[in-house]
Amino acid sequence: MSEEQKREESRPAEPEAARREDAAEARTGGPADARVENAGEEKRDEPAAEGGRETVTAREASGGGSAGTEAGQPAQPQPDAASDQPASAAGAEAEGKAAPAGDGDGARAGDGADAGTGKSGGEAADAGKAAVDPEREAKIRAAQEARAARLAAKAAAGAAAGGAAAGKDAAAAEPKPPSPKQPWLDEAVELLKTEVHPEAVEEATINALSDDMPTIVVKAEHWPAAAKLLRDHEKLGCRYLRNVTGVDYETHMEVVYFVINMETKREYAIKIRTDREHPSVPSAVPVWPGADWPEREIYDLLGIEFPGHPNLRRILMPDDWVGHPLRKDYVPLDPEV
Amino acid sequence: MIRTEELLLNVGPQHPSTHGVLRIVVKLDGEVIKEATPVIGYLHRGTEKLAESLNYTQIIPYTDRMDYLSAMTNNYVLCYAVEKMMGIEVPERAQFLRLIVMELQRIASHLVWWGTYLLDLGALSPFLFAFKDREKIVDLFNELCGARLTYNYMRVGGVKWDAPPGWIDKVRDFIPYMEKQLQDYDRLVTGNEIFLNRVKGIGKYDAETAIAWGLSGVNLRCTGVKWDLRKDEPYCIYDRFEFDVPVGKNGDCYDRYLLRIEEIRQSLRILKQAVEQFPSSGETMGKVPRVIRPPEGETYVRIEAPRGELGCHIVSKGKAEPYRLKFRRPSFNNLQMLPKLLVGETMSNLIAILGGVDIVLGEVDC
């Protein structure tokens, strides 16, 4: 992160505008905790004369509008279909979230809806304020622009690190010094290609956000052989499986195995992607018995099948539970439960 | 005519020795276990699912309720993950406070284990000793953050409350007191004939098995594997302090017992240094944006909790809420080897072995 960004991050410059904006944004996210804290601060900082219901509404709506438009912002620089979200969808999401923030308070619920509709809502509210305070508006706008620019920059950095397809372009645009863990990655990829299958590796990246974790996407059909290689090859020797995570990316599912060689501290994150309709990843239990419960947990909560698992049953949810709760499209069978 | 048949027995879910709501279905041939199947999920609250609709600060109290005997380390792992993603610097004083509470927490957690384990094995008085001494730590936490069990103490970028005046002195006074108590503990229990018969050579496994099953913490170190994330992958400011990582060699319940006692000693050693070096003034919160939005991407961080490797895997889409949040809970991974350990053992050893694993069901079920 550049020096300038850091300064932005700490943002002493625009305390008032930024705080309001954040307050409104925090509300669109519906966080009870943050709201309490913010509310306390606002009460302390603002004279009572200004605190009419009307003004609060206007401010919230304008702030919320910015949240709606901004949410779409970071997605724009990335052409990657997997992570790209059209601005309209993001706006809709903000809308959906704004509504529950209403708390059953009529006026507030109205604000939520306004906030969600984005710019138009914001403008209407601004008009309602009768443009008495152009200076403040300018400040708010400046803060919004700065934030949008920062988010865009962050998204680009995140994409570069996160290993999205778009990340490669970004990385190519601004060359960084290679990570000290790059040789580990290259070596493992080379071995997987020569010993397992020339096309076993789909993607290989260094994840800068996770201490330069070498991350390899392995094709599902080559995973059992790749796992054996990772554990048994003298150069790799990753005998310890420390964690298994399943993620539903909405376009596909992913299972991540974190393995490490305890002597050399060489570690990898191995990802296996699978489609969402019939998610299935060969089990790693034959290689690491410790994958037993973690895989059962993923099956239980995400519905990913693990062929080759000795005892693939639900583990946390009851046996007769319908659906897999951590899937993004999960709808409870009985909302009362 | 005498007839024998297999007996199917439910141990738990409501049984003191299961330390929570764990059920073990055992198939018994007389006194010998033929098969054991742990049934978990009674305490599943869907923390990971709930987290997907909360912002990061709101998730912190939920982490308190995972391993409720070690809420401080749970707080820490989440804050640490977010700080790593956002590149937030934590001020010196906050780092020290974090380290001090985490080490106090480790001692408190091991004390609960020590007391309840011996209670499981039939010794009542150690339980009273352990809880009396743990109470001192709980009081310290209470004074620091107003809670005795679920602290909600840490925040992304620092800690919520600075130490009140005189608090550090109280920690300093606690260290020699606890050292003296540990000697009493040893005199009271460690050499006891009955105790030794219950734990020596019981629940044995070797290093290879422990690694293959992904065990961590004392359950791994008791086999001689020197693997402590405070040393091997230092986080917070652990690299500034001198301490040893005790390892066992037999991999039995007795080694696990000795290791936990020794870990209390090492934690006291860390605390002693931390209290001496504690900065006299300074901030307790770093520069953190009001809305915490880690950049798009993912991270996996791990720390050495009292029960082993506690990991936090965040997948962020650049929003205020995590897209996916996964906790690697040490109890969950440590417990899965239990069926393998129990086959061929007697019912009374079931209690000794299960207790030796040191599980917290809030964490197993999450």
# chains A, B, ... in the order shown; residues from 1 in each chain; ligands from 1
call {"tool": "residues_around", "arguments": {"residues": "B:Gly248", "least_positions_apart": "4", "cutoff": "7 Å", "atoms": "only C-alpha atoms", "output": "PDB file with N, CA, C and O atoms, in the first residue's frame"}}
result
ATOM      1  N   ARG B 221       2.246 -32.336  20.440  1.00  0.00           N
ATOM      2  CA  ARG B 221       3.561 -32.219  21.084  1.00  0.00           C
ATOM      3  C   ARG B 221       3.859 -33.367  22.036  1.00  0.00           C
ATOM      4  O   ARG B 221       5.012 -33.671  22.284  1.00  0.00           O
ATOM      5  N   CYS B 222       2.819 -34.028  22.547  1.00  0.00           N
ATOM      6  CA  CYS B 222       3.065 -35.115  23.489  1.00  0.00           C
ATOM      7  C   CYS B 222       3.771 -36.289  22.813  1.00  0.00           C
ATOM      8  O   CYS B 222       4.310 -37.159  23.480  1.00  0.00           O
ATOM      9  N   THR B 223       3.783 -36.302  21.468  1.00  0.00           N
ATOM     10  CA  THR B 223       4.473 -37.385  20.770  1.00  0.00           C
ATOM     11  C   THR B 223       5.905 -37.003  20.432  1.00  0.00           C
ATOM     12  O   THR B 223       6.614 -37.757  19.785  1.00  0.00           O
ATOM     13  N   GLY B 224       6.324 -35.807  20.825  1.00  0.00           N
ATOM     14  CA  GLY B 224       7.705 -35.409  20.574  1.00  0.00           C
ATOM     15  C   GLY B 224       7.875 -34.464  19.401  1.00  0.00           C
ATOM     16  O   GLY B 224       8.988 -34.068  19.077  1.00  0.00           O
ATOM     17  N   ASP B 255       1.834 -37.821  29.514  1.00  0.00           N
ATOM     18  CA  ASP B 255       2.644 -36.784  28.864  1.00  0.00           C
ATOM     19  C   ASP B 255       1.817 -35.534  28.598  1.00  0.00           C
ATOM     20  O   ASP B 255       2.290 -34.416  28.745  1.00  0.00           O
ATOM     21  N   LEU B 259       2.724 -31.885  30.019  1.00  0.00           N
ATOM     22  CA  LEU B 259       2.941 -30.773  29.092  1.00  0.00           C
ATOM     23  C   LEU B 259       2.082 -29.580  29.464  1.00  0.00           C
ATOM     24  O   LEU B 259       2.539 -28.439  29.416  1.00  0.00           O
TER      25      LEU B 259
END
call {"tool": "residues_around", "arguments": {"residues": "stretch 29-32 of chain B", "least_positions_apart": "2", "cutoff": "10 Å", "atoms": "only C-alpha atoms", "output": "list of chain:residue names"}}
result
B:Thr4, B:Glu5, B:Glu6, B:Leu7, B:Leu8, B:Val26, B:Lys27, B:Lys34, B:Glu35, B:Leu342, B:Val343, B:Gly344, B:Glu345, B:Thr346, B:Met347, B:Ser348, B:Asn349, B:Leu350
call {"tool": "closest_residue", "arguments": {"among": "A:Gly308, A:Pro224, A:Pro335, A:Gly246", "to": "chain B", "atoms": "only C-alpha atoms"}}
result
A:Gly246
call {"tool": "select_by_dssp", "arguments": {"residues": "stretch 118-324 of chain B", "states": "strand (DSSP E)", "output": "PyMOL selection string"}}
result
chain B and resi 154-155+158-159+297-305+308-316+324
call {"tool": "interface_residues", "arguments": {"of": "chain B", "to": "chain A", "cutoff": "6 Å", "atoms": "only C-alpha atoms", "output": "VMD selection string"}}
result
chain B and resid 41 49 85 211 to 214 287 289 295 to 297 299 to 300
call {"tool": "closest_residue", "arguments": {"among": "B:Trp114, B:Tyr254, B:Phe195, B:Phe141", "to": "B:Met102", "atoms": "only C-alpha atoms"}}
result
B:Phe141
call {"tool": "closest_atom_pairs", "arguments": {"of": "stretch 238-320 of chain A", "to": "stretch 181-205 of chain A", "cutoff": "12 Å", "atoms": "only C-alpha atoms", "output": "CSV"}}
result
residue,atom,partner,partner_atom,distance
A:Cys238,CA,A:Ala188,CA,11.0
A:Ile260,CA,A:Trp184,CA,11.6
A:Asn261,CA,A:Trp184,CA,11.6
A:Thr264,CA,A:Trp184,CA,10.9
A:Lys265,CA,A:Trp184,CA,10.7
A:Arg266,CA,A:Trp184,CA,7.2
A:Glu267,CA,A:Trp184,CA,8.3
A:Tyr268,CA,A:Leu185,CA,8.0
A:Ala269,CA,A:Thr205,CA,9.9
A:Ile270,CA,A:Ala204,CA,9.4
A:Lys271,CA,A:Glu203,CA,9.3
A:Ile272,CA,A:Glu202,CA,9.3
A:Arg273,CA,A:Glu202,CA,9.6
call {"tool": "atom_distance", "arguments": {"atom1": "atom CA of B:Glu89", "atom2": "atom CA of B:Lys231"}}
result
21.1 Å
call {"tool": "residues_around", "arguments": {"residues": "stretch 108-111 of chain B", "least_positions_apart": "6", "cutoff": "8 Å", "atoms": "only C-alpha atoms", "output": "PyMOL selection string"}}
result
chain B and resi 69-70+130-131+133-134+137-138+260-261+264+306
call {"tool": "atom_distance", "arguments": {"atom1": "atom CA of B:Val218", "atom2": "atom CA of B:Ile359"}}
result
11.6 Å
call {"tool": "residues_around", "arguments": {"residues": "B:Tyr153", "least_positions_apart": "3", "cutoff": "9 Å", "atoms": "only C-alpha atoms", "output": "list in words"}}
result
Ile60, Pro61, Ala71, Met72, Asn75, Tyr76, Leu144, Cys145, Ala147, Thr150, Val159, Lys160 and Trp161 of chain B
call {"tool": "residues_around", "arguments": {"residues": "B:Ile88", "least_positions_apart": "3", "cutoff": "9 Å", "atoms": "only C-alpha atoms", "output": "JSON list (two decimals) with N, CA, C and O atoms, in the first residue's frame"}}
result
[["chain", "number", "residue", "atom", "x", "y", "z"],
["B", 82, "VAL", "N", -8.01, -9.98, 9.86],
["B", 82, "VAL", "CA", -8.44, -8.75, 9.20],
["B", 82, "VAL", "C", -7.27, -7.77, 9.11],
["B", 82, "VAL", "O", -7.06, -7.12, 8.07],
["B", 83, "GLU", "N", -6.50, -7.69, 10.19],
["B", 83, "GLU", "CA", -5.35, -6.78, 10.17],
["B", 83, "GLU", "C", -4.36, -7.18, 9.09],
["B", 83, "GLU", "O", -3.78, -6.33, 8.41],
["B", 84, "LYS", "N", -4.18, -8.47, 8.93],
["B", 84, "LYS", "CA", -3.25, -8.93, 7.90],
["B", 84, "LYS", "C", -3.74, -8.54, 6.52],
["B", 84, "LYS", "O", -2.98, -8.09, 5.68],
["B", 85, "MET", "N", -5.03, -8.70, 6.28],
["B", 85, "MET", "CA", -5.56, -8.37, 4.95],
["B", 85, "MET", "C", -5.47, -6.87, 4.67],
["B", 85, "MET", "O", -5.22, -6.45, 3.55],
["B", 156, "VAL", "N", -10.32, -4.95, 15.73],
["B", 156, "VAL", "CA", -9.40, -4.87, 14.61],
["B", 156, "VAL", "C", -8.58, -3.60, 14.82],
["B", 156, "VAL", "O", -9.14, -2.51, 14.91],
["B", 157, "GLY", "N", -7.27, -3.76, 14.95],
["B", 157, "GLY", "CA", -6.40, -2.59, 15.14],
["B", 157, "GLY", "C", -5.94, -2.39, 16.57],
["B", 157, "GLY", "O", -5.14, -1.51, 16.83],
["B", 286, "GLY", "N", -4.96, 1.22, 16.77],
["B", 286, "GLY", "CA", -4.24, 1.74, 15.62],
["B", 286, "GLY", "C", -5.17, 2.55, 14.74],
["B", 286, "GLY", "O", -6.34, 2.76, 15.05],
["B", 287, "LYS", "N", -4.63, 3.02, 13.63],
["B", 287, "LYS", "CA", -5.45, 3.78, 12.68],
["B", 287, "LYS", "C", -6.29, 2.81, 11.87],
["B", 287, "LYS", "O", -5.75, 2.03, 11.06],
["B", 288, "VAL", "N", -7.57, 2.85, 12.10],
["B", 288, "VAL", "CA", -8.46, 1.90, 11.44],
["B", 288, "VAL", "C", -9.60, 2.69, 10.80],
["B", 288, "VAL", "O", -10.17, 3.57, 11.45]]
call {"tool": "residues_around", "arguments": {"residues": "B:Val225", "least_positions_apart": "6", "cutoff": "12 Å", "atoms": "only C-alpha atoms", "output": "mmCIF file with C-alpha atoms, in the first residue's frame"}}
result
data_model
loop_
_atom_site.group_PDB
_atom_site.id
_atom_site.type_symbol
_atom_site.label_atom_id
_atom_site.label_comp_id
_atom_site.auth_asym_id
_atom_site.auth_seq_id
_atom_site.Cartn_x
_atom_site.Cartn_y
_atom_site.Cartn_z
ATOM 1 C CA TYR A 240 0.431 -32.185 7.772
ATOM 2 C CA MET A 262 6.689 -29.190 9.314
ATOM 3 C CA GLU A 263 10.443 -29.572 8.872
ATOM 4 C CA ASP B 206 2.977 -41.936 17.858
ATOM 5 C CA ALA B 207 4.116 -38.826 16.040
ATOM 6 C CA GLU B 208 3.324 -40.189 12.603
ATOM 7 C CA THR B 209 -0.279 -40.864 13.545
ATOM 8 C CA ALA B 210 -0.636 -37.486 15.195
ATOM 9 C CA ILE B 211 0.615 -35.681 12.094
ATOM 10 C CA LEU B 215 -3.638 -33.103 15.612
ATOM 11 C CA SER B 216 -2.243 -29.916 17.044
ATOM 12 C CA GLY B 217 -1.296 -28.341 20.329
ATOM 13 C CA VAL B 218 -0.441 -30.571 23.263
ATOM 14 C CA ASN B 219 -2.038 -33.533 21.501
ATOM 15 C CA ASP B 232 7.357 -21.713 14.448
ATOM 16 C CA VAL B 245 8.274 -25.499 23.885
ATOM 17 C CA PRO B 246 7.946 -28.572 26.051
ATOM 18 C CA VAL B 247 7.486 -31.860 24.218
ATOM 19 C CA GLY B 248 6.672 -35.345 25.456
ATOM 20 C CA LYS B 249 7.967 -38.637 24.185
ATOM 21 C CA ASN B 250 5.432 -41.337 24.963
ATOM 22 C CA GLY B 251 2.336 -39.744 23.510
#
call {"tool": "atom_distance", "arguments": {"atom1": "atom CA of A:Asp334", "atom2": "atom CA of A:Asp320"}}
result
12.8 Å
call {"tool": "residues_around", "arguments": {"residues": "B:Arg328", "least_positions_apart": "6", "cutoff": "7 Å", "atoms": "only C-alpha atoms", "output": "list in words"}}
result
Asn243 of chain A; Leu310, Gly311 and Cys312 of chain B
call {"tool": "closest_residue", "arguments": {"among": "B:Pro165, B:Gly203, B:Gly282, B:Pro16", "to": "B:Leu119", "atoms": "only C-alpha atoms"}}
result
B:Pro16
